[in-house]
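K.L.:
Structure: coords.cif, mmCIF, C-alpha atoms.
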data_structure
loop_
_atom_site.label_atom_id
_atom_site.label_comp_id
_atom_site.auth_asym_id
_atom_site.auth_seq_id
_atom_site.Cartn_x
_atom_site.Cartn_y
_atom_site.Cartn_z
CA HIS A 1 -21.58 -30.10 35.54
CA PRO A 2 -18.88 -31.10 38.06
CA ASP A 3 -16.17 -31.26 35.39
CA LEU A 4 -17.03 -27.86 33.89
CA HIS A 5 -14.35 -25.26 34.63
CA VAL A 6 -15.67 -21.69 34.61
CA GLU A 7 -13.59 -18.52 34.44
CA PRO A 8 -14.82 -14.91 34.44
CA ALA A 9 -14.79 -13.29 31.00
CA ASP A 10 -12.02 -10.78 30.34
CA LEU A 11 -13.32 -8.87 27.32
CA GLU A 12 -10.61 -6.22 27.43
CA GLY A 13 -7.91 -8.86 27.71
CA ASP A 14 -9.36 -10.81 24.78
CA GLU A 15 -9.47 -7.65 22.67
CA ALA A 16 -5.85 -6.82 23.51
CA LEU A 17 -4.78 -10.39 22.68
CA ILE A 18 -6.40 -10.25 19.23
CA GLN A 19 -4.70 -6.94 18.49
CA ARG A 20 -1.32 -8.37 19.53
CA LEU A 21 -1.86 -11.46 17.39
CA VAL A 22 -2.62 -9.29 14.34
CA HIS A 23 0.86 -7.79 14.54
CA TRP A 24 2.53 -11.01 15.71
CA ALA A 25 1.23 -12.80 12.58
CA ARG A 26 3.32 -10.49 10.40
CA ARG A 27 6.15 -12.95 10.84
CA TRP A 28 4.57 -14.75 7.85
CA CYS A 29 3.56 -11.80 5.65
CA PRO A 30 3.42 -7.99 5.81
CA TRP A 31 -0.39 -7.73 5.48
CA THR A 32 -2.50 -9.07 8.35
CA ALA A 33 -5.93 -8.04 9.57
CA ARG A 34 -8.56 -9.05 12.05
CA ASP A 35 -11.36 -11.38 10.96
CA GLN A 36 -14.50 -10.77 13.00
CA ASP A 37 -14.09 -11.25 16.76
CA HIS A 38 -11.71 -14.20 16.95
CA GLY A 39 -9.88 -14.69 13.68
CA LEU A 40 -7.02 -13.42 11.54
CA LEU A 41 -6.66 -12.88 7.80
CA LEU A 42 -3.21 -13.02 6.19
CA ASP A 43 -2.37 -11.98 2.64
CA VAL A 44 0.49 -14.39 1.94
CA THR A 45 0.80 -13.57 -1.77
CA GLY A 46 4.47 -13.94 -2.71
CA CYS A 47 5.48 -15.16 0.77
CA THR A 48 4.73 -18.88 0.80
CA HIS A 49 8.02 -19.88 -0.86
CA LEU A 50 9.90 -18.40 2.09
CA PHE A 51 8.45 -21.14 4.28
CA GLY A 52 8.74 -24.04 1.86
CA GLY A 53 5.36 -23.70 0.14
CA GLU A 54 1.69 -23.46 1.09
CA VAL A 55 1.49 -26.75 2.99
CA ALA A 56 4.63 -26.01 4.99
CA MET A 57 3.39 -22.50 5.83
CA LEU A 58 0.05 -23.84 7.11
CA ARG A 59 1.92 -26.39 9.22
CA ASP A 60 4.17 -23.67 10.64
CA ILE A 61 1.20 -21.43 11.47
CA ARG A 62 -0.61 -24.20 13.35
CA SER A 63 2.49 -25.24 15.27
CA ARG A 64 3.37 -21.69 16.35
CA PHE A 65 -0.16 -21.05 17.56
CA ALA A 66 -0.03 -24.35 19.44
CA LEU A 67 3.16 -23.23 21.19
CA GLN A 68 1.18 -20.28 22.54
CA GLY A 69 -1.59 -22.54 23.80
CA LEU A 70 -3.99 -21.62 20.99
CA THR A 71 -5.77 -23.95 18.56
CA ALA A 72 -5.92 -22.53 15.03
CA ARG A 73 -8.23 -23.65 12.23
CA CYS A 74 -6.38 -22.70 9.05
CA ALA A 75 -7.26 -22.52 5.38
CA MET A 76 -5.52 -21.01 2.36
CA ALA A 77 -7.49 -19.83 -0.68
CA PRO A 78 -7.21 -17.24 -3.47
CA THR A 79 -9.69 -14.84 -1.77
CA PRO A 80 -10.21 -13.73 1.85
CA GLY A 81 -13.87 -14.79 1.73
CA ALA A 82 -13.05 -18.30 0.57
CA ALA A 83 -10.27 -18.74 3.14
CA GLN A 84 -12.52 -17.49 5.92
CA ALA A 85 -15.35 -19.83 4.89
CA LEU A 86 -13.11 -22.89 4.66
CA ALA A 87 -11.37 -22.15 7.97
CA ARG A 88 -14.57 -21.60 9.95
CA PHE A 89 -16.91 -24.07 8.26
CA GLY A 90 -14.60 -26.52 6.49
CA SER A 91 -13.01 -29.65 7.88
CA GLY A 92 -9.57 -28.96 9.35
CA ALA A 93 -6.71 -27.29 7.52
CA GLN A 94 -7.51 -26.84 3.85
CA LEU A 95 -5.59 -25.69 0.80
CA CYS A 96 -7.70 -24.55 -2.13
CA GLY A 97 -6.49 -23.48 -5.57
CA ALA A 98 -8.15 -20.90 -7.80
CA GLU A 99 -9.79 -23.53 -9.99
CA ASP A 100 -11.27 -25.38 -7.00
CA VAL A 101 -12.86 -22.49 -5.08
CA ALA A 102 -16.44 -23.01 -6.32
CA THR A 103 -16.29 -26.76 -5.69
CA ALA A 104 -14.81 -26.35 -2.20
CA LEU A 105 -17.39 -23.75 -1.15
CA ALA A 106 -20.45 -25.50 -2.60
CA PRO A 107 -21.23 -27.83 0.36
CA LEU A 108 -20.68 -25.15 3.01
CA PRO A 109 -23.67 -23.40 4.64
CA VAL A 110 -24.58 -19.91 3.42
CA ALA A 111 -23.50 -18.53 6.81
CA ALA A 112 -19.92 -19.15 5.67
CA LEU A 113 -20.26 -16.08 3.41
CA ARG A 114 -20.04 -13.81 6.50
CA LEU A 115 -23.77 -13.09 6.39
CA ASP A 116 -25.67 -11.67 9.33
CA ALA A 117 -28.24 -13.80 11.16
CA GLN A 118 -31.26 -12.09 9.55
CA THR A 119 -30.08 -12.69 5.97
CA THR A 120 -29.11 -16.27 6.83
CA ARG A 121 -32.62 -16.96 8.17
CA LEU A 122 -34.17 -15.43 5.05
CA LEU A 123 -32.10 -17.68 2.77
CA ASP A 124 -33.00 -20.67 4.92
CA ARG A 125 -36.72 -19.93 4.50
CA LEU A 126 -36.13 -19.77 0.74
CA GLY A 127 -34.58 -23.23 0.89
CA LEU A 128 -31.06 -21.94 0.12
CA LYS A 129 -29.05 -23.69 2.80
CA THR A 130 -25.68 -24.09 1.04
CA ILE A 131 -23.43 -21.88 -1.06
CA GLY A 132 -23.84 -24.30 -3.95
CA ALA A 133 -27.63 -23.92 -3.88
CA LEU A 134 -27.25 -20.14 -3.87
CA SER A 135 -24.83 -20.25 -6.81
CA ASP A 136 -27.11 -22.44 -8.92
CA LEU A 137 -30.09 -20.05 -8.83
CA PRO A 138 -30.59 -17.40 -11.55
CA ARG A 139 -29.09 -14.13 -10.34
CA ALA A 140 -31.83 -11.87 -11.72
CA ALA A 141 -34.47 -12.93 -9.18
CA LEU A 142 -32.02 -12.80 -6.27
CA MET A 143 -30.72 -9.39 -7.27
CA ARG A 144 -34.23 -7.93 -7.13
CA ARG A 145 -34.86 -9.42 -3.69
CA PHE A 146 -31.55 -8.32 -2.14
CA ALA A 147 -31.00 -5.05 -4.02
CA SER A 148 -31.82 -2.95 -0.94
CA LEU A 149 -29.23 -4.64 1.31
CA LYS A 150 -25.88 -3.07 2.05
CA PRO A 151 -22.84 -4.66 0.35
CA ASP A 152 -21.65 -6.28 3.59
CA ARG A 153 -25.05 -8.03 3.93
CA ASN A 154 -25.83 -8.79 0.29
CA PRO A 155 -25.29 -12.54 -0.28
CA LEU A 156 -24.64 -12.12 -4.01
CA ILE A 157 -21.90 -9.54 -3.47
CA LEU A 158 -20.29 -11.64 -0.75
CA LEU A 159 -20.49 -14.71 -2.98
CA ASP A 160 -18.77 -12.84 -5.82
CA LYS A 161 -16.02 -11.76 -3.42
CA ALA A 162 -15.49 -15.31 -2.20
CA LEU A 163 -15.31 -16.62 -5.78
CA GLY A 164 -12.91 -13.88 -6.86
CA LYS A 165 -15.40 -12.16 -9.19
CA ALA A 166 -15.41 -8.94 -7.13
CA PRO A 167 -12.53 -7.19 -5.34
CA ASP A 168 -12.16 -7.87 -1.62
CA PRO A 169 -9.10 -5.94 -0.39
CA LEU A 170 -7.56 -6.69 2.97
CA ASN A 171 -7.82 -3.73 5.33
CA ALA A 172 -4.62 -4.25 7.31
CA PRO A 173 -3.96 -1.90 10.26
CA PRO A 174 -0.69 0.05 10.19
CA ASP A 175 2.28 -1.59 11.84
CA HIS A 176 3.58 -0.35 15.16
CA ARG A 177 6.24 2.26 14.61
CA HIS A 178 9.58 1.07 15.90
CA PHE A 179 11.93 3.57 17.55
CA ILE A 180 15.38 2.33 18.50
CA THR A 181 18.86 3.84 18.77
CA ARG A 182 22.16 1.95 18.82
CA SER A 183 25.69 2.60 19.95
CA ARG A 184 28.48 0.35 18.68
CA LEU A 185 31.70 0.62 20.65
CA PRO A 186 35.20 0.14 19.23
CA GLU A 187 36.19 -1.95 22.25
CA PRO A 188 34.36 -3.63 25.15
CA VAL A 189 33.44 -1.54 28.21
CA ILE A 190 31.89 -2.35 31.58
CA ASP A 191 29.86 0.75 32.51
CA PRO A 192 26.91 1.75 30.28
CA ALA A 193 26.29 5.07 32.09
CA PRO A 194 28.57 7.28 29.90
CA HIS A 195 26.83 6.08 26.74
CA LEU A 196 23.22 6.46 27.93
CA PRO A 197 22.80 10.26 27.40
CA ALA A 198 23.59 10.08 23.68
CA LEU A 199 21.16 7.17 23.21
CA VAL A 200 18.38 9.03 25.03
CA ASP A 201 18.98 12.24 23.07
CA ASP A 202 18.86 10.42 19.74
CA LEU A 203 15.70 8.54 20.70
CA CYS A 204 13.94 11.72 21.82
CA THR A 205 14.85 13.34 18.50
CA LEU A 206 13.20 10.47 16.63
CA LEU A 207 10.10 10.70 18.84
CA ALA A 208 9.87 14.47 18.39
CA ARG A 209 9.86 14.14 14.61
CA ALA A 210 6.89 11.78 14.87
CA GLU A 211 5.20 13.89 17.59
CA LEU A 212 5.24 10.91 19.94
CA GLY A 213 6.31 10.32 23.51
CA ALA A 214 7.67 7.17 25.14
CA ARG A 215 5.76 5.22 27.78
CA ARG A 216 8.09 2.21 28.09
CA LEU A 217 11.83 2.09 27.39
CA ARG A 218 14.23 -0.84 27.29
CA LEU A 219 18.01 -0.55 27.43
CA THR A 220 19.83 -3.66 26.18
CA ILE A 221 23.56 -4.40 26.33
CA TYR A 222 25.14 -7.12 24.20
CA ARG A 223 28.11 -8.74 25.91
CA ILE A 224 31.20 -10.01 24.15
CA ASP A 225 30.47 -13.54 25.37
CA GLY A 226 27.31 -13.62 23.23
CA ASP A 227 24.89 -13.02 26.10
CA TRP A 228 22.77 -9.93 26.66
CA ARG A 229 21.09 -8.07 29.51
CA ALA A 230 18.08 -5.72 29.43
CA LEU A 231 16.74 -3.03 31.75
CA GLY A 232 13.30 -1.44 31.43
CA VAL A 233 11.64 1.72 32.74
CA ALA A 234 8.16 3.16 32.29
CA THR A 235 6.38 6.51 32.60
CA ALA A 236 2.95 7.55 33.85
CA ARG A 237 2.39 9.68 30.75
CA ALA A 238 4.12 10.00 27.39
CA SER A 239 7.43 11.85 27.55
CA ARG A 240 10.33 12.75 25.30
CA ASP A 241 12.20 14.92 27.79
CA PRO A 242 15.80 13.61 27.65
CA ALA A 243 16.69 14.77 31.16
CA HIS A 244 13.62 13.14 32.67
CA LEU A 245 14.10 9.85 30.83
CA ARG A 246 17.77 9.69 31.82
CA ARG A 247 16.87 10.14 35.49
CA LEU A 248 14.66 7.05 35.36
CA PHE A 249 17.78 4.91 34.87
CA ASP A 250 19.57 6.40 37.91
CA GLY A 251 20.51 3.70 40.38
CA LYS A 252 19.61 0.88 37.99
CA LEU A 253 22.60 0.73 35.68
CA GLU A 254 24.77 -0.62 38.48
CA ASN A 255 22.60 -3.75 38.60
CA ILE A 256 23.37 -4.79 35.01
CA ASP A 257 25.78 -7.71 34.81
CA SER A 258 28.23 -6.65 32.10
CA GLY A 259 30.32 -9.83 32.35
CA PHE A 260 33.68 -9.27 30.64
CA GLY A 261 32.30 -6.22 28.84
CA PHE A 262 29.89 -5.28 26.07
CA ASP A 263 30.36 -3.59 22.71
CA LEU A 264 26.79 -2.77 21.68
CA LEU A 265 23.94 -0.90 23.40
CA THR A 266 20.40 -0.32 22.17
CA LEU A 267 17.66 1.89 23.60
CA GLU A 268 14.17 1.08 22.37
CA ALA A 269 10.77 2.73 22.87
CA LEU A 270 8.58 -0.33 23.42
CA THR A 271 5.41 1.75 23.80
CA SER A 272 4.79 5.24 22.47
CA GLU A 273 1.79 7.57 22.42
CA PRO A 274 0.91 10.79 20.58
CA LEU A 275 2.56 13.81 22.19
CA PRO A 276 2.08 16.97 20.11
CA LEU A 277 4.16 20.07 20.61
CA MET A 278 2.92 22.18 23.52
CA GLN A 279 3.30 25.91 24.13
CA ASP A 280 4.86 26.85 27.48
CA HIS A 281 3.26 29.53 29.64
CA LEU A 282 4.44 33.11 29.14
CA ASP A 283 5.79 33.22 32.69
CA GLY A 284 7.94 30.15 32.01
CA LYS A 285 5.92 27.86 34.28
CA ARG A 286 5.06 24.32 33.27
CA ASP A 287 1.83 22.38 33.42
CA PRO A 288 1.48 21.18 37.05
CA SER A 289 0.24 17.78 35.89
CA ALA A 290 3.56 17.24 34.09
CA ASP A 291 5.42 17.77 37.37
CA VAL A 292 3.16 15.26 39.13
CA ALA A 293 3.74 12.71 36.37
CA GLY A 294 7.49 13.25 36.59
CA LEU A 295 7.43 12.70 40.34
CA LEU A 296 5.44 9.49 39.93
CA ASP A 297 7.93 8.24 37.34
CA ARG A 298 10.93 8.87 39.61
CA LEU A 299 9.28 7.28 42.64
CA ALA A 300 8.20 4.23 40.63
CA ALA A 301 11.69 3.85 39.16
CA LYS A 302 13.28 4.05 42.62
CA LEU A 303 10.79 2.10 44.73
CA GLY A 304 9.10 -0.11 42.13
CA ALA A 305 5.89 0.45 40.18
CA ASP A 306 3.89 -1.75 42.57
CA LYS A 307 4.90 0.44 45.54
CA VAL A 308 3.50 3.72 44.18
CA ASN A 309 -0.17 4.46 43.58
CA TRP A 310 -2.51 7.40 43.63
CA PRO A 311 -6.24 7.97 44.26
CA GLN A 312 -8.57 8.10 41.30
CA TRP A 313 -12.15 9.30 41.27
CA ARG A 314 -15.00 7.04 40.24
CA GLU A 315 -18.45 8.17 39.19
CA THR A 316 -20.75 6.62 41.78
CA HIS A 317 -23.41 7.85 44.21
CA LYS A 318 -21.99 5.62 46.97
CA PRO A 319 -19.45 7.64 49.00
CA GLU A 320 -17.51 4.56 50.11
CA ARG A 321 -16.80 3.70 46.47
CA VAL A 322 -15.91 7.16 45.24
CA GLU A 323 -12.16 6.56 45.40
CA GLN A 324 -9.95 3.77 44.13
CA ARG A 325 -6.19 3.24 44.19
CA VAL A 326 -4.49 2.95 40.80
CA ASP A 327 -0.96 1.95 39.87
CA ALA A 328 1.19 5.04 39.36
CA LEU A 329 2.18 4.12 35.80
CA HIS A 330 -1.42 3.77 34.62
CA GLY A 331 -2.01 7.50 34.39
CA THR A 332 -2.01 10.69 36.41
CA PRO A 333 -4.60 12.08 38.88
CA THR A 334 -7.59 13.72 37.25
CA ALA A 335 -10.19 16.20 38.41
CA ALA A 336 -13.33 14.94 40.07
CA PRO A 337 -16.10 14.10 37.59
CA ALA A 338 -19.21 16.24 37.46
CA LEU A 339 -21.20 13.64 39.39
CA LEU A 340 -19.02 14.09 42.48
CA ARG A 341 -19.41 17.86 42.55
CA GLU A 342 -23.05 17.53 43.64
CA ARG A 343 -22.93 15.41 46.76
CA PRO A 344 -25.88 14.91 49.16
CA LEU A 345 -26.14 17.60 51.84
CA ARG A 346 -26.51 14.98 54.55
CA LEU A 347 -25.66 11.27 54.78
CA LEU A 348 -27.54 9.10 57.25
CA THR A 349 -25.72 6.56 59.41
CA PRO A 350 -26.98 3.91 59.43
CA ALA A 351 -28.78 4.07 56.10
CA GLU A 352 -32.57 4.33 56.28
CA GLU A 353 -35.16 2.82 53.98
CA VAL A 354 -36.89 5.13 51.50
CA ARG A 355 -39.83 3.71 49.54
CA VAL A 356 -40.15 5.27 46.11
CA ILE A 357 -43.33 5.40 44.02
CA TYR A 358 -43.04 5.76 40.26
CA ALA A 359 -45.73 7.27 38.03
CA VAL A 360 -44.77 4.92 35.20
CA PRO A 361 -42.48 1.85 35.17
CA GLU A 362 -38.81 2.74 34.59
CA GLY A 363 -39.77 6.42 34.83
CA PRO A 364 -38.79 9.20 37.25
CA PRO A 365 -39.95 8.97 40.90
CA SER A 366 -43.20 10.81 41.58
CA GLN A 367 -43.14 10.56 45.38
CA PHE A 368 -41.39 8.73 48.20
CA ASN A 369 -42.10 7.68 51.78
CA TRP A 370 -39.48 8.31 54.46
CA ARG A 371 -40.02 7.87 58.19
CA ARG A 372 -43.75 7.26 57.58
CA VAL A 373 -44.16 10.61 55.83
CA THR A 374 -44.94 10.85 52.11
CA TYR A 375 -43.17 13.51 50.06
CA LYS A 376 -43.90 14.64 46.52
CA THR A 377 -40.90 14.74 44.19
CA MET A 378 -40.40 18.16 42.63
CA ARG A 379 -36.94 17.56 41.15
CA HIS A 380 -34.68 14.56 40.74
CA THR A 381 -31.12 13.83 39.60
CA GLY A 382 -29.77 10.59 38.18
#
Could I get this structure in the form of structure tokens?
P.N.:
Amino acid sequence: HPDLHVEPADLEGDEALIQRLVHWARRWCPWTARDQDHGLLLDVTGCTHLFGGEVAMLRDIRSRFALQGLTARCAMAPTPGAAQALARFGSGAQLCGAEDVATALAPLPVAALRLDAQTTRLLDRLGLKTIGALSDLPRAALMRRFASLKPDRNPLILLDKALGKAPDPLNAPPDHRHFITRSRLPEPVIDPAPHLPALVDDLCTLLARAELGARRLRLTIYRIDGDWRALGVATARASRDPAHLRRLFDGKLENIDSGFGFDLLTLEALTSEPLPLMQDHLDGKRDPSADVAGLLDRLAAKLGADKVNWPQWRETHKPERVEQRVDALHGTPTAAPALLRERPLRLLTPAEEVRVIYAVPEGPPSQFNWRRVTYKTMRHTG
């Protein structure tokens, strides 16, 4: 269709967006979780009054999603199953009380109970197309038919969860740990450099207790005129070495506009990764990969992350595609994969046609014809 706009799918980007939205939604309540591939579940028990009630909270949720360019179908109900069913299969934003759950769910299709396609087709063949029709049938006959199904596929169990007759706890992922250090000054100053070492040392102490290392840091100064300025650095691998992290700010602090002075500094670890304690070598030497990562960090901080890259191996039989260039802050060089350690003894230029004959379809090659000579395959790889 001439008016159809097509974009390539970005599955990794979509996954990352959903994960960010799960934590972003905690502005409304402390318990949020993912709902299937493209939804969120929020346990707003005890939180609605902070936003002026249920209706006002639903309005705020829709408007904030709209500001991010996202259209949200919202529903609020006493159980996660009922809210999910009303949001995905109901009409627009809905608010359902405990006494109205059964009535609100009755006209919805049985697929609204989070059933898989096979169970939905089975219920359809039985003439059970709506939740109301399923609820009206005697449970004894249905229990015998669906007794062998797992709880997440059993329509009776899912119906009980939606109606509040069975527990359906929200499995919320843990919140991102927040590591930040502050320095309040008795009077305004212009230069942040003298105060940076103490901030870095305190932050590294916090990270060490949690056995984490920083990947992205942000230094923020709060000026006396009410404005603020921020400066960020990043690392190729997790680090909590105070000396190394301090060096990343060298030459950058002079670029911060302090105005008439600032009286508060904060240093925050925006991204952290597990970094367990490591035993040094007996001869006092360090892991060579750590030195390479440190060099990449310093070069990226001085020249810019987009100016520094390194070669990375790729597992492919095509020599021209064996290497790719990767941004320096996306990791450190790794050893060649096993596939690259067994290269062909000779490469032909230009490439020549080889006709392969298989004993069975999709099976190993039995023989091949090259330069009008047929060879029998004794061994193959790949």
K.L.:
Show me, as a list of chain:residue names, the residues that have an atom within 12 Å of Asp124 of chain A when counting only C-alpha atoms, minus same-chain residues fewer than 6 positions from it.
P.N.:
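Contacts, in chain order: A:Pro109, A:Val110, A:Ala111, A:Ala117, A:Gln118, A:Thr130, A:Ile131, A:Ala133, A:Leu134.
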K.L.:
Need the shell around segment 211-223 of chain A: protein/DNA/RNA residues with any atom at most 9 Å away, counting all atoms listed in the file. Skip same-chain ones fewer than 2 positions apart. Format as an mmCIF file with C-alpha atoms, in the frame of the given file?
P.N.:
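Below is the file that was written, out-v3.cif:
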data_model
loop_
_atom_site.group_PDB
_atom_site.id
_atom_site.type_symbol
_atom_site.label_atom_id
_atom_site.label_comp_id
_atom_site.auth_asym_id
_atom_site.auth_seq_id
_atom_site.Cartn_x
_atom_site.Cartn_y
_atom_site.Cartn_z
ATOM 1 C CA PRO A 188 34.360 -3.630 25.150
ATOM 2 C CA PRO A 192 26.910 1.750 30.280
ATOM 3 C CA LEU A 196 23.220 6.460 27.930
ATOM 4 C CA CYS A 204 13.940 11.720 21.820
ATOM 5 C CA LEU A 206 13.200 10.470 16.630
ATOM 6 C CA LEU A 207 10.100 10.700 18.840
ATOM 7 C CA ALA A 208 9.870 14.470 18.390
ATOM 8 C CA ARG A 209 9.860 14.140 14.610
ATOM 9 C CA ASP A 225 30.470 -13.540 25.370
ATOM 10 C CA GLY A 226 27.310 -13.620 23.230
ATOM 11 C CA ASP A 227 24.890 -13.020 26.100
ATOM 12 C CA TRP A 228 22.770 -9.930 26.660
ATOM 13 C CA ARG A 229 21.090 -8.070 29.510
ATOM 14 C CA ALA A 230 18.080 -5.720 29.430
ATOM 15 C CA LEU A 231 16.740 -3.030 31.750
ATOM 16 C CA GLY A 232 13.300 -1.440 31.430
ATOM 17 C CA VAL A 233 11.640 1.720 32.740
ATOM 18 C CA ALA A 234 8.160 3.160 32.290
ATOM 19 C CA THR A 235 6.380 6.510 32.600
ATOM 20 C CA ALA A 236 2.950 7.550 33.850
ATOM 21 C CA ARG A 237 2.390 9.680 30.750
ATOM 22 C CA ALA A 238 4.120 10.000 27.390
ATOM 23 C CA SER A 239 7.430 11.850 27.550
ATOM 24 C CA ARG A 240 10.330 12.750 25.300
ATOM 25 C CA ASP A 241 12.200 14.920 27.790
ATOM 26 C CA LEU A 245 14.100 9.850 30.830
ATOM 27 C CA ILE A 256 23.370 -4.790 35.010
ATOM 28 C CA SER A 258 28.230 -6.650 32.100
ATOM 29 C CA GLY A 259 30.320 -9.830 32.350
ATOM 30 C CA PHE A 260 33.680 -9.270 30.640
ATOM 31 C CA GLY A 261 32.300 -6.220 28.840
ATOM 32 C CA PHE A 262 29.890 -5.280 26.070
ATOM 33 C CA ASP A 263 30.360 -3.590 22.710
ATOM 34 C CA LEU A 264 26.790 -2.770 21.680
ATOM 35 C CA LEU A 265 23.940 -0.900 23.400
ATOM 36 C CA THR A 266 20.400 -0.320 22.170
ATOM 37 C CA LEU A 267 17.660 1.890 23.600
ATOM 38 C CA GLU A 268 14.170 1.080 22.370
ATOM 39 C CA ALA A 269 10.770 2.730 22.870
ATOM 40 C CA LEU A 270 8.580 -0.330 23.420
ATOM 41 C CA THR A 271 5.410 1.750 23.800
ATOM 42 C CA SER A 272 4.790 5.240 22.470
ATOM 43 C CA GLU A 273 1.790 7.570 22.420
ATOM 44 C CA PRO A 274 0.910 10.790 20.580
ATOM 45 C CA LEU A 275 2.560 13.810 22.190
ATOM 46 C CA PRO A 276 2.080 16.970 20.110
ATOM 47 C CA LEU A 277 4.160 20.070 20.610
ATOM 48 C CA LEU A 329 2.180 4.120 35.800
#
K.L.:
The PyMOL selection byres ((chain A and resi 107) around 12) - which residues does that actually catch in the file I just gave you? List them as a list in words.
P.N.:
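So the PyMOL selection byres ((chain A and resi 107) around 12) ends up selecting Ala85, Leu86, Phe89, Gly90, Ser91, Val101, Ala102, Thr103, Ala104, Leu105, Ala106, Leu108, Pro109, Val110, Ala111, Ala112, Leu128, Lys129, Thr130, Ile131, Gly132, Ala133, Leu134 and Ser135 of chain A.
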K.L.:
Next, dump the selected residues to file, keeping only C-alpha atoms, as a compact mmCIF listing (two decimals), in the frame of the given file.
P.N.:
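Listing of selection01.txt after writing:
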# COMPACT_ATOMS: atom_id res chain seq x y z
CA ALA A 85 -15.35 -19.83 4.89
CA LEU A 86 -13.11 -22.89 4.66
CA PHE A 89 -16.91 -24.07 8.26
CA GLY A 90 -14.60 -26.52 6.49
CA SER A 91 -13.01 -29.65 7.88
CA VAL A 101 -12.86 -22.49 -5.08
CA ALA A 102 -16.44 -23.01 -6.32
CA THR A 103 -16.29 -26.76 -5.69
CA ALA A 104 -14.81 -26.35 -2.20
CA LEU A 105 -17.39 -23.75 -1.15
CA ALA A 106 -20.45 -25.50 -2.60
CA LEU A 108 -20.68 -25.15 3.01
CA PRO A 109 -23.67 -23.40 4.64
CA VAL A 110 -24.58 -19.91 3.42
CA ALA A 111 -23.50 -18.53 6.81
CA ALA A 112 -19.92 -19.15 5.67
CA LEU A 128 -31.06 -21.94 0.12
CA LYS A 129 -29.05 -23.69 2.80
CA THR A 130 -25.68 -24.09 1.04
CA ILE A 131 -23.43 -21.88 -1.06
CA GLY A 132 -23.84 -24.30 -3.95
CA ALA A 133 -27.63 -23.92 -3.88
CA LEU A 134 -27.25 -20.14 -3.87
CA SER A 135 -24.83 -20.25 -6.81
K.L.:
What's the 9 Å shell around Lys252 of chain A, counting all atoms listed in the file, without same-chain residues fewer than 3 positions away, as a JSON list (two decimals) with C-alpha atoms, in the frame of the given file?
P.N.:
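So around-v6.json came out as:
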[["chain", "number", "residue", "atom", "x", "y", "z"],
["A", 231, "LEU", "CA", 16.74, -3.03, 31.75],
["A", 248, "LEU", "CA", 14.66, 7.05, 35.36],
["A", 249, "PHE", "CA", 17.78, 4.91, 34.87],
["A", 255, "ASN", "CA", 22.60, -3.75, 38.60],
["A", 256, "ILE", "CA", 23.37, -4.79, 35.01],
["A", 301, "ALA", "CA", 11.69, 3.85, 39.16],
["A", 302, "LYS", "CA", 13.28, 4.05, 42.62]]
K.L.:
For atom CA of Ile61 of chain A and atom CA of Ala16 of chain A, quote the distance in Å rounded to one decimal.
P.N.:
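One can read the atom CA of Ile61 of chain A to atom CA of Ala16 of chain A distance as 20.2 Å.
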K.L.:
Let me know the residues the PyMOL selection byres ((chain A and resi 31) around 7) catches in the file above, as number ranges by chain.
P.N.:
A: 26, 29-30, 32-33, 42-43, 172
K.L.:
Quick one: residues within 10 Å of segment 136-148 of chain A, only C-alpha atoms, excluding same-chain residues fewer than 6 positions away - as a PyMOL selection string?
P.N.:
chain A and resi 106+119+128+154-157
K.L.:
To one decimal in Å, tell me the separation between atom CA of Val326 of chain A and atom CA of Arg314 of chain A.
P.N.:
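Separating atom CA of Val326 of chain A from atom CA of Arg314 of chain A is a distance of 11.3 Å.
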K.L.:
Quick check, in Å to one decimal: how far apart do atom CA of Pro78 of chain A and atom CA of Leu17 of chain A lie?
P.N.:
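Between atom CA of Pro78 of chain A and atom CA of Leu17 of chain A the gap is 27.1 Å.
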K.L.:
Neighbouring residues of Tyr358 of chain A were defined as those with any atom within 10 Å, considering all atoms listed in the file; residues of the same chain fewer than 5 positions away were excluded. Please report them as a compact mmCIF listing (two decimals) with C-alpha atoms, keeping the file's coordinate frame.
P.N.:
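out.txt, written as the output of this step:
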# COMPACT_ATOMS: atom_id res chain seq x y z
CA GLY A 363 -39.77 6.42 34.83
CA PRO A 364 -38.79 9.20 37.25
CA PRO A 365 -39.95 8.97 40.90
CA SER A 366 -43.20 10.81 41.58
CA GLN A 367 -43.14 10.56 45.38
CA PHE A 368 -41.39 8.73 48.20
K.L.:
What would the list of residues within 10 Å of (4.5, 4.0, 44.5) (file frame) look like as a ChimeraX atom specification, if all atoms listed in the file are what count?
P.N.:
/A:296-310,326-329
K.L.:
Quick one: segment 122-126 of chain A with N, CA and C atoms, as a tab-separated table (two decimals), keeping the file's coordinate frame?
P.N.:
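Written output follows (rebuild.tsv):
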chain	number	residue	atom	x	y	z
A	122	LEU	N	-33.38	-15.65	6.26
A	122	LEU	CA	-34.17	-15.43	5.05
A	122	LEU	C	-33.81	-16.45	3.97
A	123	LEU	N	-32.52	-16.69	3.76
A	123	LEU	CA	-32.10	-17.68	2.77
A	123	LEU	C	-32.56	-19.08	3.16
A	124	ASP	N	-32.55	-19.36	4.46
A	124	ASP	CA	-33.00	-20.67	4.92
A	124	ASP	C	-34.48	-20.87	4.63
A	125	ARG	N	-35.29	-19.82	4.82
A	125	ARG	CA	-36.72	-19.93	4.50
A	125	ARG	C	-36.95	-20.12	3.00
A	126	LEU	N	-36.03	-19.60	2.19
A	126	LEU	CA	-36.13	-19.77	0.74
A	126	LEU	C	-35.61	-21.13	0.29
